[in-house]
Every structure is written in structure tokens, then in C-alpha cells.
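Structure first, commentary second.
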Amino acid sequence: MTAIWAGIDAGRTHHHCVVIDDTGKRLLSRRVANDEPELLKLLADVLALGDEVTWGIDLADGGAALLIDLLLNHSQHTLYIPGRAVSRASEGYRGEGKTDAKDAAIIADQARIRRDLQPLRPGDELVAEIKVLTGHRRDLADDRTRVINRLHNHLTSIFPSLDRALDLTNTGPLILLTGYQTPAAIRRTGARRLQTWLRNRKVRGAAQLAETALAAAENQHTSVTGEKPTAQLVHTLAREVMRLNEQIAETDKLIEARFREHKHAEVIASMPGIGPLLGAEFLAATGGDMTAFDSPDRLAGFAGVAPAPRDSGKISGNLHRPRRYSRRLQRVFYTSALISIRCCEESRRFYDRKRAEGKRHTQAVLALARRRVNVLWALLRDGRCYEPIPPITNAA
């Protein structure tokens, strides 16, 4: 039986494939378009070169999604090799130049010699939808942050006291800025009329917000150069933030609905500090399949909450945060640990114990996150929901 290895350097419009045999000799090197007919022809040509093919690829989604689905649909053994691993491995190969063909050859050779690479499996349609929705929500949140920062910059340039007084993450101040952006306009309106205007738009705490805006307006009687066009930009950006807030709220509803449909939703949501959004992020980061993690240690390493040793010579016990991990999954466990400190007595006791041992806040939260990995992994393994452990009391 002839075994061969095919490495693919994936791209958005084109991929480059290099096929090698067990001695590392190149049997094929080809650049193909990211189109189904071209990819199917490549698949047929590669299968004709050997009896057993192992594929390696440096992307797990995005531009490589079509190729990966074609390979998995044809029952091809496909390994995922992160781009960072390919970059580091390239230092051990001859030549300093970088080309798609060289990267594809390195991917093929790494697939040939390494035994620790993660195989790609057919995806769950529900998890794939959750992954798309959570990614879209993250993009919307990033867009909102950028717009809010631009809004702060423009408002500060013409009305700094009002910018300091308002929390632009809340709806009320944004509604205020859609109608009033300058100190002169707020003074002309007055507190009573401004309060009525806000109440007509269903703003909570309209009276307090009106008083805050008027107090800021009384502190500035100078009209800044370029005030009029900047005020119009403030109006436009405030409306854009409100629009993004609506889109995020709609996306949150979709994410929660899809998350509730997953078979592990009840188990995941039973953990203190993990709601539908963080639960959906967990499914998106892990694929919802715990068979990929044969132990809680492996899940903790993937989540970046388990320290990695960096010992050398006489130095031992030198532990540091790992460099390669899923930041998306780390955020899930770290954020849920922070929330659980406030809502779960057991988590609070664990956190306080770590603080009493001399650990800093971040270290104590990471220790709690690591412990929660063990708990969640065991719950998913056993298919049971979380049950709080009652505190142990000393007998009288």
C-alpha cells in the first residue's frame, strides 16, 4: 500500500497543493482556484498517486471551508496544522525564501512526521450556525466599540464637559445626542423642555440626564471652531451606535435560540456564570464535541488556563501562560469565572482562598477558571447538570 501526504497552503482565492511520498519526494505541486470543479479535479489527481492519502491544511475555516467539506465528504483523513506551527517549522527547512509551494511542502512533511496533529471532523450544522452567529456578534461589538470611540473623540472636541458626564454605552445619552450636541442648544432648551423631550422618547432617568446635560452646558459658553459639522457627525454616530445596539440585541436572540437547541445546552448553562452567550461561544470554540479532548487537562491547555512549563538546565518549576491557545475559549472560562464569583458561593470561597494564599486577582480568577474546566468536562462526560456543593460546617 502506497502512502502519500498532501499539504495545502490555503488562501482566499487560490490554494497550493504539494504531494510527497514517504521519503519526502515531491510527486505533485499545483496551484488551484478555490472553486469546486478545480478542487474535485485536484482530489482525483492526488488519489491517483497513492492508495492512502493524508491531507494537511493550515486553515480550519474561512477560505478553506469549501475544500475541507469536499475532503470530509469524500472520507479523506485531514489534519489541521496552525499557520504559526508552519511558520516555526519553516526555520528547520532549507532556504530562507517563502512561497506558497514551500509552505505547502512543509505542511505535507509535518503531516508525515508528526503524530500530535488534530484531525478535522465533519461539523455539526447547529454548531456551525452558532459559530457564524457568534462571529457576527463579535464583529458587531467591535464595530460598536470603534464607533463609540469616534463619537467620544468628536464630542470631546466641541463639548468636553458633556463627554465626561455621559456614559455612551447606555441608550439614554445616545438619544440625547441625536437631538442636542452643543452647549448653546441645551441651554436654549432648558431643563424642563429637555426632560419632556427625553421622556417622550422613553428615556429612563430623563430628569437626571437633563440636569446633567444642563450642568455641563453651563460650564461652557464658548463655541468651538468647526462646531456645526462636528455636531452633525456626533448626531450621525450616535444613531449608528443605536443601530448597532439593535443589531446586537437581535443577534443575541438568535444565538440564544440556537444554543437552547443543542444537546449539551442544559448541562453547559447549569454552570454558574455561563449563560446562553458564553455557552454558545464555548460550543463555537470547541465544536461541541468533547471526544476531541480526552482529558480536562487537554481542554484546559486548549483554553489557555493551564500553565506551560519552561524549564531549562537547573531551573525547574518555571511555569508560564502558554503561547498557543484559543483566546476565544479562554475568554469564556475567564469571564464566567468572574461572574461566578458574584453569584456562586462555592466559587467565591475558592477565589477567597486563593487570594488568602497570596495570589493576585488575575491569578486567583485563572485558578478558578482552571477548576471550572475540570467540572464542566466531567459534567459533559457524564451528561449531568451542575449541583452546588453545600458548605461543610463543623459539628458542635
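Lettering and numbering for the C-alpha cells are positional, with chains as A, B, ... in the shown order, residues counted from 1 in each chain, and ligands counted from 1 in the shown order.
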
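The protein and nucleic acid residues lying at most 8 Å from segment 203-210 of chain A are Thr171, Gly172, Pro173, Ile175, Ala191, Arg192, Leu194, Gln195, Thr196 and Leu198 of chain A, with only C-alpha atoms considered and sequence neighbours fewer than 5 positions away removed.
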
Could you write those residues out with C-alpha atoms, as an mmCIF file, in the first residue's frame?
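Ended up saving to selection10.cif:
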data_model
loop_
_atom_site.group_PDB
_atom_site.id
_atom_site.type_symbol
_atom_site.label_atom_id
_atom_site.label_comp_id
_atom_site.auth_asym_id
_atom_site.auth_seq_id
_atom_site.Cartn_x
_atom_site.Cartn_y
_atom_site.Cartn_z
ATOM 1 C CA THR A 171 -29.235 54.290 25.380
ATOM 2 C CA GLY A 172 -30.342 57.490 27.146
ATOM 3 C CA PRO A 173 -27.192 59.539 26.449
ATOM 4 C CA ILE A 175 -30.793 59.534 22.370
ATOM 5 C CA ALA A 191 -34.056 71.562 31.814
ATOM 6 C CA ARG A 192 -37.873 71.228 31.744
ATOM 7 C CA LEU A 194 -35.242 68.782 27.634
ATOM 8 C CA GLN A 195 -36.688 66.473 30.279
ATOM 9 C CA THR A 196 -40.015 66.341 28.397
ATOM 10 C CA LEU A 198 -36.348 62.740 26.671
#

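Residues lying within 8 Å of Gly304 of chain A, counting only C-alpha atoms and ignoring same-chain neighbours fewer than 3 positions away, are Ala300, Gly301, Pro307, Arg321, Pro322, Arg324, Tyr325, Ser326, Arg327, Leu329 and Gln330 of chain A.
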
Output file for the residues above (all heavy atoms, as an mmCIF file, in the first residue's frame):
data_model
loop_
_atom_site.group_PDB
_atom_site.id
_atom_site.type_symbol
_atom_site.label_atom_id
_atom_site.label_comp_id
_atom_site.auth_asym_id
_atom_site.auth_seq_id
_atom_site.Cartn_x
_atom_site.Cartn_y
_atom_site.Cartn_z
ATOM 1 N N ALA A 300 -8.124 22.274 29.179
ATOM 2 C CA ALA A 300 -7.554 23.438 29.868
ATOM 3 C C ALA A 300 -6.381 24.017 29.082
ATOM 4 O O ALA A 300 -6.221 25.234 28.998
ATOM 5 C CB ALA A 300 -7.118 23.056 31.276
ATOM 6 N N GLY A 301 -5.562 23.145 28.489
ATOM 7 C CA GLY A 301 -4.456 23.624 27.678
ATOM 8 C C GLY A 301 -4.946 24.351 26.441
ATOM 9 O O GLY A 301 -4.386 25.394 26.061
ATOM 10 N N PRO A 307 -1.000 26.461 33.043
ATOM 11 C CA PRO A 307 0.351 26.973 32.775
ATOM 12 C C PRO A 307 1.206 25.940 32.054
ATOM 13 O O PRO A 307 1.061 24.732 32.244
ATOM 14 C CB PRO A 307 0.892 27.275 34.180
ATOM 15 C CG PRO A 307 0.108 26.381 35.095
ATOM 16 C CD PRO A 307 -1.252 26.260 34.487
ATOM 17 N N ARG A 321 2.164 31.299 31.147
ATOM 18 C CA ARG A 321 0.962 31.140 30.342
ATOM 19 C C ARG A 321 1.357 30.624 28.955
ATOM 20 O O ARG A 321 2.306 31.126 28.360
ATOM 21 C CB ARG A 321 0.233 32.476 30.209
ATOM 22 C CG ARG A 321 -1.037 32.396 29.366
ATOM 23 C CD ARG A 321 -1.716 33.737 29.264
ATOM 24 N NE ARG A 321 -2.178 34.206 30.568
ATOM 25 C CZ ARG A 321 -2.858 35.334 30.743
ATOM 26 N NH1 ARG A 321 -3.146 36.103 29.704
ATOM 27 N NH2 ARG A 321 -3.235 35.698 31.943
ATOM 28 N N PRO A 322 0.636 29.655 28.422
ATOM 29 C CA PRO A 322 1.001 29.124 27.100
ATOM 30 C C PRO A 322 0.830 30.173 26.011
ATOM 31 O O PRO A 322 0.021 31.091 26.128
ATOM 32 C CB PRO A 322 0.019 27.955 26.914
ATOM 33 C CG PRO A 322 -1.137 28.283 27.800
ATOM 34 C CD PRO A 322 -0.560 28.990 28.984
ATOM 35 N N ARG A 324 0.235 29.257 22.712
ATOM 36 C CA ARG A 324 -0.724 28.756 21.732
ATOM 37 C C ARG A 324 -1.967 28.252 22.448
ATOM 38 O O ARG A 324 -1.914 27.252 23.161
ATOM 39 C CB ARG A 324 -0.095 27.638 20.897
ATOM 40 C CG ARG A 324 1.012 28.104 19.971
ATOM 41 C CD ARG A 324 1.568 26.955 19.167
ATOM 42 N NE ARG A 324 2.241 25.983 20.024
ATOM 43 C CZ ARG A 324 2.677 24.801 19.617
ATOM 44 N NH1 ARG A 324 2.476 24.415 18.386
ATOM 45 N NH2 ARG A 324 3.287 24.008 20.449
ATOM 46 N N TYR A 325 -3.045 28.946 22.292
ATOM 47 C CA TYR A 325 -4.305 28.546 22.904
ATOM 48 C C TYR A 325 -5.434 29.303 22.221
ATOM 49 O O TYR A 325 -5.204 30.237 21.453
ATOM 50 C CB TYR A 325 -4.310 28.811 24.414
ATOM 51 C CG TYR A 325 -4.084 30.254 24.794
ATOM 52 C CD1 TYR A 325 -5.158 31.132 24.940
ATOM 53 C CD2 TYR A 325 -2.802 30.741 25.006
ATOM 54 C CE1 TYR A 325 -4.957 32.459 25.284
ATOM 55 C CE2 TYR A 325 -2.592 32.063 25.348
ATOM 56 C CZ TYR A 325 -3.669 32.912 25.490
ATOM 57 O OH TYR A 325 -3.471 34.226 25.822
ATOM 58 N N SER A 326 -6.659 28.891 22.512
ATOM 59 C CA SER A 326 -7.827 29.548 21.943
ATOM 60 C C SER A 326 -8.205 30.731 22.826
ATOM 61 O O SER A 326 -8.713 30.543 23.940
ATOM 62 C CB SER A 326 -9.003 28.560 21.846
ATOM 63 O OG SER A 326 -10.196 29.241 21.511
ATOM 64 N N ARG A 327 -7.948 31.929 22.340
ATOM 65 C CA ARG A 327 -8.307 33.110 23.125
ATOM 66 C C ARG A 327 -9.813 33.230 23.282
ATOM 67 O O ARG A 327 -10.306 33.793 24.257
ATOM 68 C CB ARG A 327 -7.712 34.354 22.456
ATOM 69 C CG ARG A 327 -6.225 34.490 22.715
ATOM 70 C CD ARG A 327 -5.529 35.432 21.773
ATOM 71 N NE ARG A 327 -4.129 35.593 22.140
ATOM 72 C CZ ARG A 327 -3.182 34.703 21.894
ATOM 73 N NH1 ARG A 327 -3.500 33.572 21.265
ATOM 74 N NH2 ARG A 327 -1.937 34.914 22.269
ATOM 75 N N LEU A 329 -11.880 30.695 23.706
ATOM 76 C CA LEU A 329 -12.284 29.805 24.789
ATOM 77 C C LEU A 329 -11.769 30.312 26.125
ATOM 78 O O LEU A 329 -12.446 30.167 27.158
ATOM 79 C CB LEU A 329 -11.767 28.392 24.519
ATOM 80 C CG LEU A 329 -12.309 27.289 25.419
ATOM 81 C CD1 LEU A 329 -13.827 27.239 25.369
ATOM 82 C CD2 LEU A 329 -11.724 25.940 25.022
ATOM 83 N N GLN A 330 -10.586 30.910 26.142
ATOM 84 C CA GLN A 330 -10.079 31.464 27.394
ATOM 85 C C GLN A 330 -11.009 32.560 27.911
ATOM 86 O O GLN A 330 -11.275 32.643 29.116
ATOM 87 C CB GLN A 330 -8.680 32.033 27.202
ATOM 88 C CG GLN A 330 -8.047 32.500 28.513
ATOM 89 C CD GLN A 330 -6.794 33.309 28.290
ATOM 90 O OE1 GLN A 330 -6.830 34.394 27.704
ATOM 91 N NE2 GLN A 330 -5.668 32.793 28.753
#

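Minimum atom-to-atom distance to Tyr180 of chain A, evaluated using only C-alpha atoms, belongs to A:Val234 out of A:Val234, A:Leu151, A:Ala105, A:Leu168.
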
Contacts of Trp377 of chain A within 10 Å, only C-alpha atoms, excl. fewer than 2 positions in-chain, as JSON, numbers by chain:
{"A": [268, 290, 293, 294, 295, 296, 297, 299, 300, 372, 373, 374, 375, 379, 380, 381, 382, 383]}

Let me see the file: selected residues, all heavy atoms, as a compact mmCIF listing (two decimals), in the first residue's frame.
# COMPACT_ATOMS: atom_id res chain seq x y z
N ILE A 268 -24.37 22.80 29.99
CA ILE A 268 -23.46 23.94 29.97
C ILE A 268 -24.05 25.12 30.74
O ILE A 268 -23.36 25.77 31.54
CB ILE A 268 -23.16 24.35 28.52
CG1 ILE A 268 -22.42 23.22 27.80
CG2 ILE A 268 -22.34 25.63 28.47
CD1 ILE A 268 -22.26 23.45 26.31
N MET A 290 -16.81 16.76 22.85
CA MET A 290 -15.79 16.58 23.86
C MET A 290 -14.89 15.37 23.58
O MET A 290 -13.91 15.15 24.29
CB MET A 290 -16.44 16.41 25.25
CG MET A 290 -17.03 17.69 25.81
SD MET A 290 -15.83 19.01 26.08
CE MET A 290 -16.11 20.04 24.64
N PHE A 293 -11.27 16.11 23.23
CA PHE A 293 -10.49 16.39 24.43
C PHE A 293 -10.60 15.17 25.35
O PHE A 293 -11.60 14.99 26.06
CB PHE A 293 -11.01 17.65 25.13
CG PHE A 293 -11.09 18.85 24.22
CD1 PHE A 293 -12.29 19.20 23.61
CD2 PHE A 293 -9.96 19.60 23.95
CE1 PHE A 293 -12.36 20.29 22.77
CE2 PHE A 293 -10.03 20.70 23.10
CZ PHE A 293 -11.23 21.04 22.51
N ASP A 294 -9.58 14.33 25.33
CA ASP A 294 -9.64 13.08 26.09
C ASP A 294 -9.47 13.28 27.58
O ASP A 294 -9.62 12.33 28.36
CB ASP A 294 -8.60 12.09 25.57
CG ASP A 294 -7.19 12.70 25.54
OD1 ASP A 294 -7.03 13.85 26.01
OD2 ASP A 294 -6.27 12.03 25.04
N SER A 295 -9.15 14.50 28.01
CA SER A 295 -8.99 14.77 29.44
C SER A 295 -9.25 16.24 29.68
O SER A 295 -9.13 17.07 28.77
CB SER A 295 -7.57 14.40 29.91
OG SER A 295 -6.62 15.30 29.36
N PRO A 296 -9.59 16.60 30.93
CA PRO A 296 -9.77 18.03 31.24
C PRO A 296 -8.47 18.81 31.09
O PRO A 296 -8.50 20.01 30.81
CB PRO A 296 -10.27 18.02 32.69
CG PRO A 296 -9.89 16.70 33.24
CD PRO A 296 -9.91 15.74 32.09
N ASP A 297 -7.33 18.14 31.26
CA ASP A 297 -6.05 18.83 31.09
C ASP A 297 -5.88 19.32 29.65
O ASP A 297 -5.37 20.42 29.42
CB ASP A 297 -4.90 17.89 31.45
CG ASP A 297 -4.88 17.54 32.92
OD1 ASP A 297 -5.46 18.29 33.71
OD2 ASP A 297 -4.30 16.50 33.28
N LEU A 299 -8.33 20.03 27.54
CA LEU A 299 -9.26 21.14 27.35
C LEU A 299 -8.72 22.40 27.99
O LEU A 299 -8.81 23.50 27.41
CB LEU A 299 -10.63 20.78 27.93
CG LEU A 299 -11.71 21.86 27.84
CD1 LEU A 299 -11.97 22.24 26.38
CD2 LEU A 299 -13.00 21.37 28.49
N ALA A 300 -8.12 22.27 29.18
CA ALA A 300 -7.55 23.44 29.87
C ALA A 300 -6.38 24.02 29.08
O ALA A 300 -6.22 25.23 29.00
CB ALA A 300 -7.12 23.06 31.28
N ARG A 372 -12.91 25.15 37.03
CA ARG A 372 -14.20 25.04 36.37
C ARG A 372 -14.10 24.22 35.08
O ARG A 372 -15.08 23.60 34.66
CB ARG A 372 -14.74 26.45 36.07
CG ARG A 372 -15.20 27.18 37.33
CD ARG A 372 -15.41 28.67 37.06
NE ARG A 372 -16.38 28.90 35.99
CZ ARG A 372 -17.70 28.91 36.17
NH1 ARG A 372 -18.20 28.71 37.39
NH2 ARG A 372 -18.50 29.14 35.17
N VAL A 373 -12.92 24.22 34.45
CA VAL A 373 -12.72 23.35 33.29
C VAL A 373 -12.92 21.89 33.69
O VAL A 373 -13.59 21.12 32.98
CB VAL A 373 -11.32 23.57 32.69
CG1 VAL A 373 -11.01 22.49 31.65
CG2 VAL A 373 -11.21 24.93 32.05
N ASN A 374 -12.32 21.49 34.81
CA ASN A 374 -12.49 20.11 35.29
C ASN A 374 -13.96 19.78 35.51
O ASN A 374 -14.43 18.69 35.14
CB ASN A 374 -11.72 19.91 36.60
CG ASN A 374 -10.22 19.94 36.41
OD1 ASN A 374 -9.73 19.90 35.28
ND2 ASN A 374 -9.49 20.04 37.50
N VAL A 375 -14.67 20.71 36.14
CA VAL A 375 -16.08 20.47 36.47
C VAL A 375 -16.91 20.34 35.20
O VAL A 375 -17.69 19.39 35.04
CB VAL A 375 -16.62 21.59 37.37
CG1 VAL A 375 -18.11 21.40 37.62
CG2 VAL A 375 -15.86 21.63 38.70
N LEU A 379 -18.99 17.12 33.75
CA LEU A 379 -20.45 17.20 33.55
C LEU A 379 -20.82 16.78 32.14
O LEU A 379 -21.79 16.03 31.93
CB LEU A 379 -20.94 18.62 33.82
CG LEU A 379 -20.83 19.14 35.26
CD1 LEU A 379 -21.31 20.58 35.34
CD2 LEU A 379 -21.64 18.26 36.22
N LEU A 380 -20.08 17.24 31.15
CA LEU A 380 -20.36 16.87 29.77
C LEU A 380 -20.07 15.39 29.53
O LEU A 380 -20.78 14.72 28.76
CB LEU A 380 -19.53 17.73 28.82
CG LEU A 380 -19.93 19.21 28.77
CD1 LEU A 380 -18.91 20.01 27.96
CD2 LEU A 380 -21.32 19.37 28.17
N ARG A 381 -19.06 14.87 30.17
CA ARG A 381 -18.75 13.44 30.03
C ARG A 381 -19.88 12.58 30.59
O ARG A 381 -20.28 11.58 29.97
CB ARG A 381 -17.45 13.13 30.77
CG ARG A 381 -17.05 11.65 30.75
CD ARG A 381 -16.04 11.36 31.83
NE ARG A 381 -16.57 11.65 33.15
CZ ARG A 381 -15.84 11.69 34.26
NH1 ARG A 381 -14.54 11.50 34.19
NH2 ARG A 381 -16.40 11.96 35.43
N ASP A 382 -20.43 12.99 31.74
CA ASP A 382 -21.46 12.20 32.40
C ASP A 382 -22.87 12.58 31.97
O ASP A 382 -23.83 11.89 32.32
CB ASP A 382 -21.34 12.35 33.92
CG ASP A 382 -19.99 11.88 34.45
OD1 ASP A 382 -19.33 11.07 33.76
OD2 ASP A 382 -19.59 12.33 35.53
N GLY A 383 -23.02 13.70 31.25
CA GLY A 383 -24.33 14.14 30.82
C GLY A 383 -25.24 14.56 31.96
O GLY A 383 -26.44 14.32 31.92

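Relative to atom CA of Pro119 of chain A, atom CA of Leu366 of chain A is found at 28.7 Å.
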
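Summary of the local environment: counting only C-alpha atoms, residues at most 9 Å from Phe333 of chain A, other than itself and those fewer than 2 positions away along its chain, are A:Ile274, A:Leu278, A:Phe282, A:Ala303, A:Val305, A:Leu329, A:Gln330, A:Arg331, A:Thr335, A:Ser336, A:Ala337, A:Leu338, A:Leu366, A:Leu368, A:Ala369, A:Arg370, A:Arg372, A:Val373.
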
Write a file of the selected residues as a compact mmCIF listing (two decimals), in the first residue's frame, keeping all heavy atoms.
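For reference, out.txt as written:
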# COMPACT_ATOMS: atom_id res chain seq x y z
N ILE A 274 -22.25 30.89 33.38
CA ILE A 274 -22.32 30.63 31.94
C ILE A 274 -23.77 30.73 31.49
O ILE A 274 -24.61 29.90 31.85
CB ILE A 274 -21.77 29.24 31.57
CG1 ILE A 274 -20.29 29.14 31.95
CG2 ILE A 274 -21.93 28.98 30.07
CD1 ILE A 274 -19.63 27.84 31.54
N LEU A 278 -22.21 33.00 26.51
CA LEU A 278 -20.94 32.34 26.79
C LEU A 278 -21.02 30.86 26.46
O LEU A 278 -20.04 30.26 25.99
CB LEU A 278 -20.55 32.53 28.26
CG LEU A 278 -20.05 33.93 28.65
CD1 LEU A 278 -19.73 33.98 30.14
CD2 LEU A 278 -18.83 34.33 27.84
N PHE A 282 -18.66 28.82 23.88
CA PHE A 282 -17.99 27.56 24.22
C PHE A 282 -18.21 26.53 23.12
O PHE A 282 -17.27 25.84 22.70
CB PHE A 282 -18.52 27.04 25.56
CG PHE A 282 -18.01 25.68 25.93
CD1 PHE A 282 -16.75 25.53 26.50
CD2 PHE A 282 -18.78 24.54 25.72
CE1 PHE A 282 -16.26 24.27 26.82
CE2 PHE A 282 -18.30 23.29 26.05
CZ PHE A 282 -17.04 23.15 26.60
N ALA A 303 -7.70 25.93 26.21
CA ALA A 303 -8.33 27.17 26.66
C ALA A 303 -7.31 28.17 27.22
O ALA A 303 -7.67 29.32 27.51
CB ALA A 303 -9.38 26.88 27.73
N VAL A 305 -5.78 28.13 30.15
CA VAL A 305 -5.89 28.37 31.59
C VAL A 305 -5.01 27.41 32.38
O VAL A 305 -5.09 27.38 33.62
CB VAL A 305 -7.35 28.27 32.06
CG1 VAL A 305 -8.19 29.36 31.44
CG2 VAL A 305 -7.95 26.89 31.75
N LEU A 329 -11.88 30.69 23.71
CA LEU A 329 -12.28 29.80 24.79
C LEU A 329 -11.77 30.31 26.12
O LEU A 329 -12.45 30.17 27.16
CB LEU A 329 -11.77 28.39 24.52
CG LEU A 329 -12.31 27.29 25.42
CD1 LEU A 329 -13.83 27.24 25.37
CD2 LEU A 329 -11.72 25.94 25.02
N GLN A 330 -10.59 30.91 26.14
CA GLN A 330 -10.08 31.46 27.39
C GLN A 330 -11.01 32.56 27.91
O GLN A 330 -11.28 32.64 29.12
CB GLN A 330 -8.68 32.03 27.20
CG GLN A 330 -8.05 32.50 28.51
CD GLN A 330 -6.79 33.31 28.29
OE1 GLN A 330 -6.83 34.39 27.70
NE2 GLN A 330 -5.67 32.79 28.75
N ARG A 331 -11.51 33.38 26.99
CA ARG A 331 -12.44 34.43 27.40
C ARG A 331 -13.69 33.84 28.03
O ARG A 331 -14.23 34.38 29.01
CB ARG A 331 -12.81 35.29 26.19
CG ARG A 331 -13.84 36.36 26.49
CD ARG A 331 -14.26 37.12 25.25
NE ARG A 331 -15.39 37.99 25.51
CZ ARG A 331 -16.66 37.61 25.51
NH1 ARG A 331 -16.96 36.35 25.21
NH2 ARG A 331 -17.63 38.46 25.77
N THR A 335 -14.23 34.91 31.83
CA THR A 335 -15.39 35.76 32.09
C THR A 335 -16.40 35.05 32.97
O THR A 335 -16.97 35.64 33.90
CB THR A 335 -16.06 36.16 30.76
OG1 THR A 335 -15.10 36.80 29.92
CG2 THR A 335 -17.23 37.10 31.00
N SER A 336 -16.66 33.77 32.69
CA SER A 336 -17.63 33.03 33.51
C SER A 336 -17.13 32.87 34.94
O SER A 336 -17.92 32.85 35.88
CB SER A 336 -17.92 31.66 32.89
OG SER A 336 -16.77 30.83 32.91
N ALA A 337 -15.80 32.75 35.12
CA ALA A 337 -15.25 32.66 36.47
C ALA A 337 -15.48 33.97 37.23
O ALA A 337 -15.84 33.97 38.41
CB ALA A 337 -13.76 32.33 36.41
N LEU A 338 -15.27 35.10 36.54
CA LEU A 338 -15.53 36.40 37.18
C LEU A 338 -16.99 36.52 37.61
O LEU A 338 -17.29 36.99 38.72
CB LEU A 338 -15.19 37.52 36.20
CG LEU A 338 -13.72 37.89 36.03
CD1 LEU A 338 -13.58 38.93 34.93
CD2 LEU A 338 -13.14 38.43 37.33
N LEU A 366 -7.85 32.94 37.27
CA LEU A 366 -7.38 31.89 36.37
C LEU A 366 -7.39 30.53 37.06
O LEU A 366 -7.72 29.51 36.44
CB LEU A 366 -5.97 32.21 35.87
CG LEU A 366 -5.88 33.27 34.77
CD1 LEU A 366 -4.42 33.63 34.51
CD2 LEU A 366 -6.55 32.79 33.50
N LEU A 368 -9.46 29.65 39.40
CA LEU A 368 -10.87 29.27 39.44
C LEU A 368 -11.33 28.79 38.07
O LEU A 368 -12.06 27.80 37.96
CB LEU A 368 -11.71 30.46 39.90
CG LEU A 368 -13.24 30.27 39.89
CD1 LEU A 368 -13.65 29.10 40.78
CD2 LEU A 368 -13.93 31.55 40.32
N ALA A 369 -10.89 29.48 37.02
CA ALA A 369 -11.26 29.06 35.66
C ALA A 369 -10.73 27.66 35.37
O ALA A 369 -11.43 26.84 34.75
CB ALA A 369 -10.71 30.06 34.64
N ARG A 370 -9.50 27.38 35.82
CA ARG A 370 -8.94 26.03 35.62
C ARG A 370 -9.76 24.97 36.33
O ARG A 370 -10.00 23.88 35.80
CB ARG A 370 -7.49 26.01 36.12
CG ARG A 370 -6.82 24.64 36.07
CD ARG A 370 -6.67 24.19 34.63
NE ARG A 370 -6.09 22.85 34.55
CZ ARG A 370 -6.80 21.72 34.57
NH1 ARG A 370 -8.13 21.79 34.67
NH2 ARG A 370 -6.21 20.56 34.46
N ARG A 372 -12.91 25.15 37.03
CA ARG A 372 -14.20 25.04 36.37
C ARG A 372 -14.10 24.22 35.08
O ARG A 372 -15.08 23.60 34.66
CB ARG A 372 -14.74 26.45 36.07
CG ARG A 372 -15.20 27.18 37.33
CD ARG A 372 -15.41 28.67 37.06
NE ARG A 372 -16.38 28.90 35.99
CZ ARG A 372 -17.70 28.91 36.17
NH1 ARG A 372 -18.20 28.71 37.39
NH2 ARG A 372 -18.50 29.14 35.17
N VAL A 373 -12.92 24.22 34.45
CA VAL A 373 -12.72 23.35 33.29
C VAL A 373 -12.92 21.89 33.69
O VAL A 373 -13.59 21.12 32.98
CB VAL A 373 -11.32 23.57 32.69
CG1 VAL A 373 -11.01 22.49 31.65
CG2 VAL A 373 -11.21 24.93 32.05

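Every protein, DNA or RNA residue with an atom at most 12 Å from Glu38 of chain A, where only C-alpha atoms count and chain neighbours fewer than 5 positions away do not, is listed here: Thr13, His14, His15, His16, Cys17, Arg30, Arg31, Val32, Ala33, Leu43, Ala44, Asp45, Leu66, Leu67 and Leu70 of chain A.
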
Include N, CA and C atoms and write out the residues we just selected as a compact mmCIF listing (two decimals), in the first residue's frame.
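The result, written out as selection-v5.txt:
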# COMPACT_ATOMS: atom_id res chain seq x y z
N THR A 13 -8.54 33.01 -2.59
CA THR A 13 -8.93 32.77 -3.98
C THR A 13 -8.28 31.53 -4.58
N HIS A 14 -7.08 31.18 -4.08
CA HIS A 14 -6.36 30.03 -4.62
C HIS A 14 -5.71 29.26 -3.47
N HIS A 15 -5.48 27.96 -3.71
CA HIS A 15 -4.72 27.11 -2.79
C HIS A 15 -3.53 26.53 -3.56
N HIS A 16 -2.49 26.20 -2.81
CA HIS A 16 -1.36 25.49 -3.43
C HIS A 16 -1.22 24.14 -2.73
N CYS A 17 -1.14 23.09 -3.53
CA CYS A 17 -1.05 21.72 -3.01
C CYS A 17 0.26 21.10 -3.43
N ARG A 30 0.88 21.97 -7.31
CA ARG A 30 -0.08 22.63 -8.18
C ARG A 30 -0.81 23.74 -7.43
N ARG A 31 -1.05 24.82 -8.16
CA ARG A 31 -1.87 25.93 -7.65
C ARG A 31 -3.26 25.80 -8.26
N VAL A 32 -4.29 25.78 -7.41
CA VAL A 32 -5.65 25.57 -7.91
C VAL A 32 -6.55 26.70 -7.40
N ALA A 33 -7.56 27.02 -8.20
CA ALA A 33 -8.53 28.02 -7.80
C ALA A 33 -9.46 27.46 -6.73
N LEU A 43 -8.45 16.61 -6.19
CA LEU A 43 -8.69 15.45 -5.34
C LEU A 43 -8.50 14.16 -6.13
N ALA A 44 -9.06 14.09 -7.34
CA ALA A 44 -8.94 12.89 -8.16
C ALA A 44 -7.48 12.63 -8.54
N ASP A 45 -6.74 13.68 -8.88
CA ASP A 45 -5.34 13.52 -9.27
C ASP A 45 -4.49 13.05 -8.10
N LEU A 66 -14.74 25.37 1.86
CA LEU A 66 -15.22 24.53 0.76
C LEU A 66 -14.32 23.32 0.56
N LEU A 67 -13.02 23.54 0.56
CA LEU A 67 -12.08 22.43 0.38
C LEU A 67 -12.20 21.41 1.49
N LEU A 70 -15.30 19.29 1.08
CA LEU A 70 -15.13 18.33 -0.01
C LEU A 70 -14.28 17.14 0.44

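Summary of the local environment: counting only C-alpha atoms, residues at most 12 Å from Gly275 of chain A, other than itself and those fewer than 2 positions away along its chain, are Asp252, Ile255, Glu256, Phe259, Arg260, Ala265, Glu266, Val267, Ile268, Ala269, Ser270, Met271, Pro272, Gly273, Leu277, Leu278, Gly279, Ala280, Glu281, Phe282, Val332, Phe333, Thr335, Ser336, Ala337, Ile339 and Ser340 of chain A.
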
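Residue nearest Thr286 of chain A, chosen from A:Leu59, A:Arg298, A:Val147, A:Glu227 and counting only C-alpha atoms: A:Arg298.
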
Taking the backbone alone, and naming residues the way the document does, which bits of segment 136-183 of chain A are helix (DSSP H, G or I) by DSSP, as a PyMOL selection string?
chain A and resi 136-158+160-165+171-179+183

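Between Val53 of chain A and the residues A:Ile148, A:Ile81, A:Leu40, A:Ala6, the shortest atom-to-atom distance, using only C-alpha atoms, involves A:Ala6.
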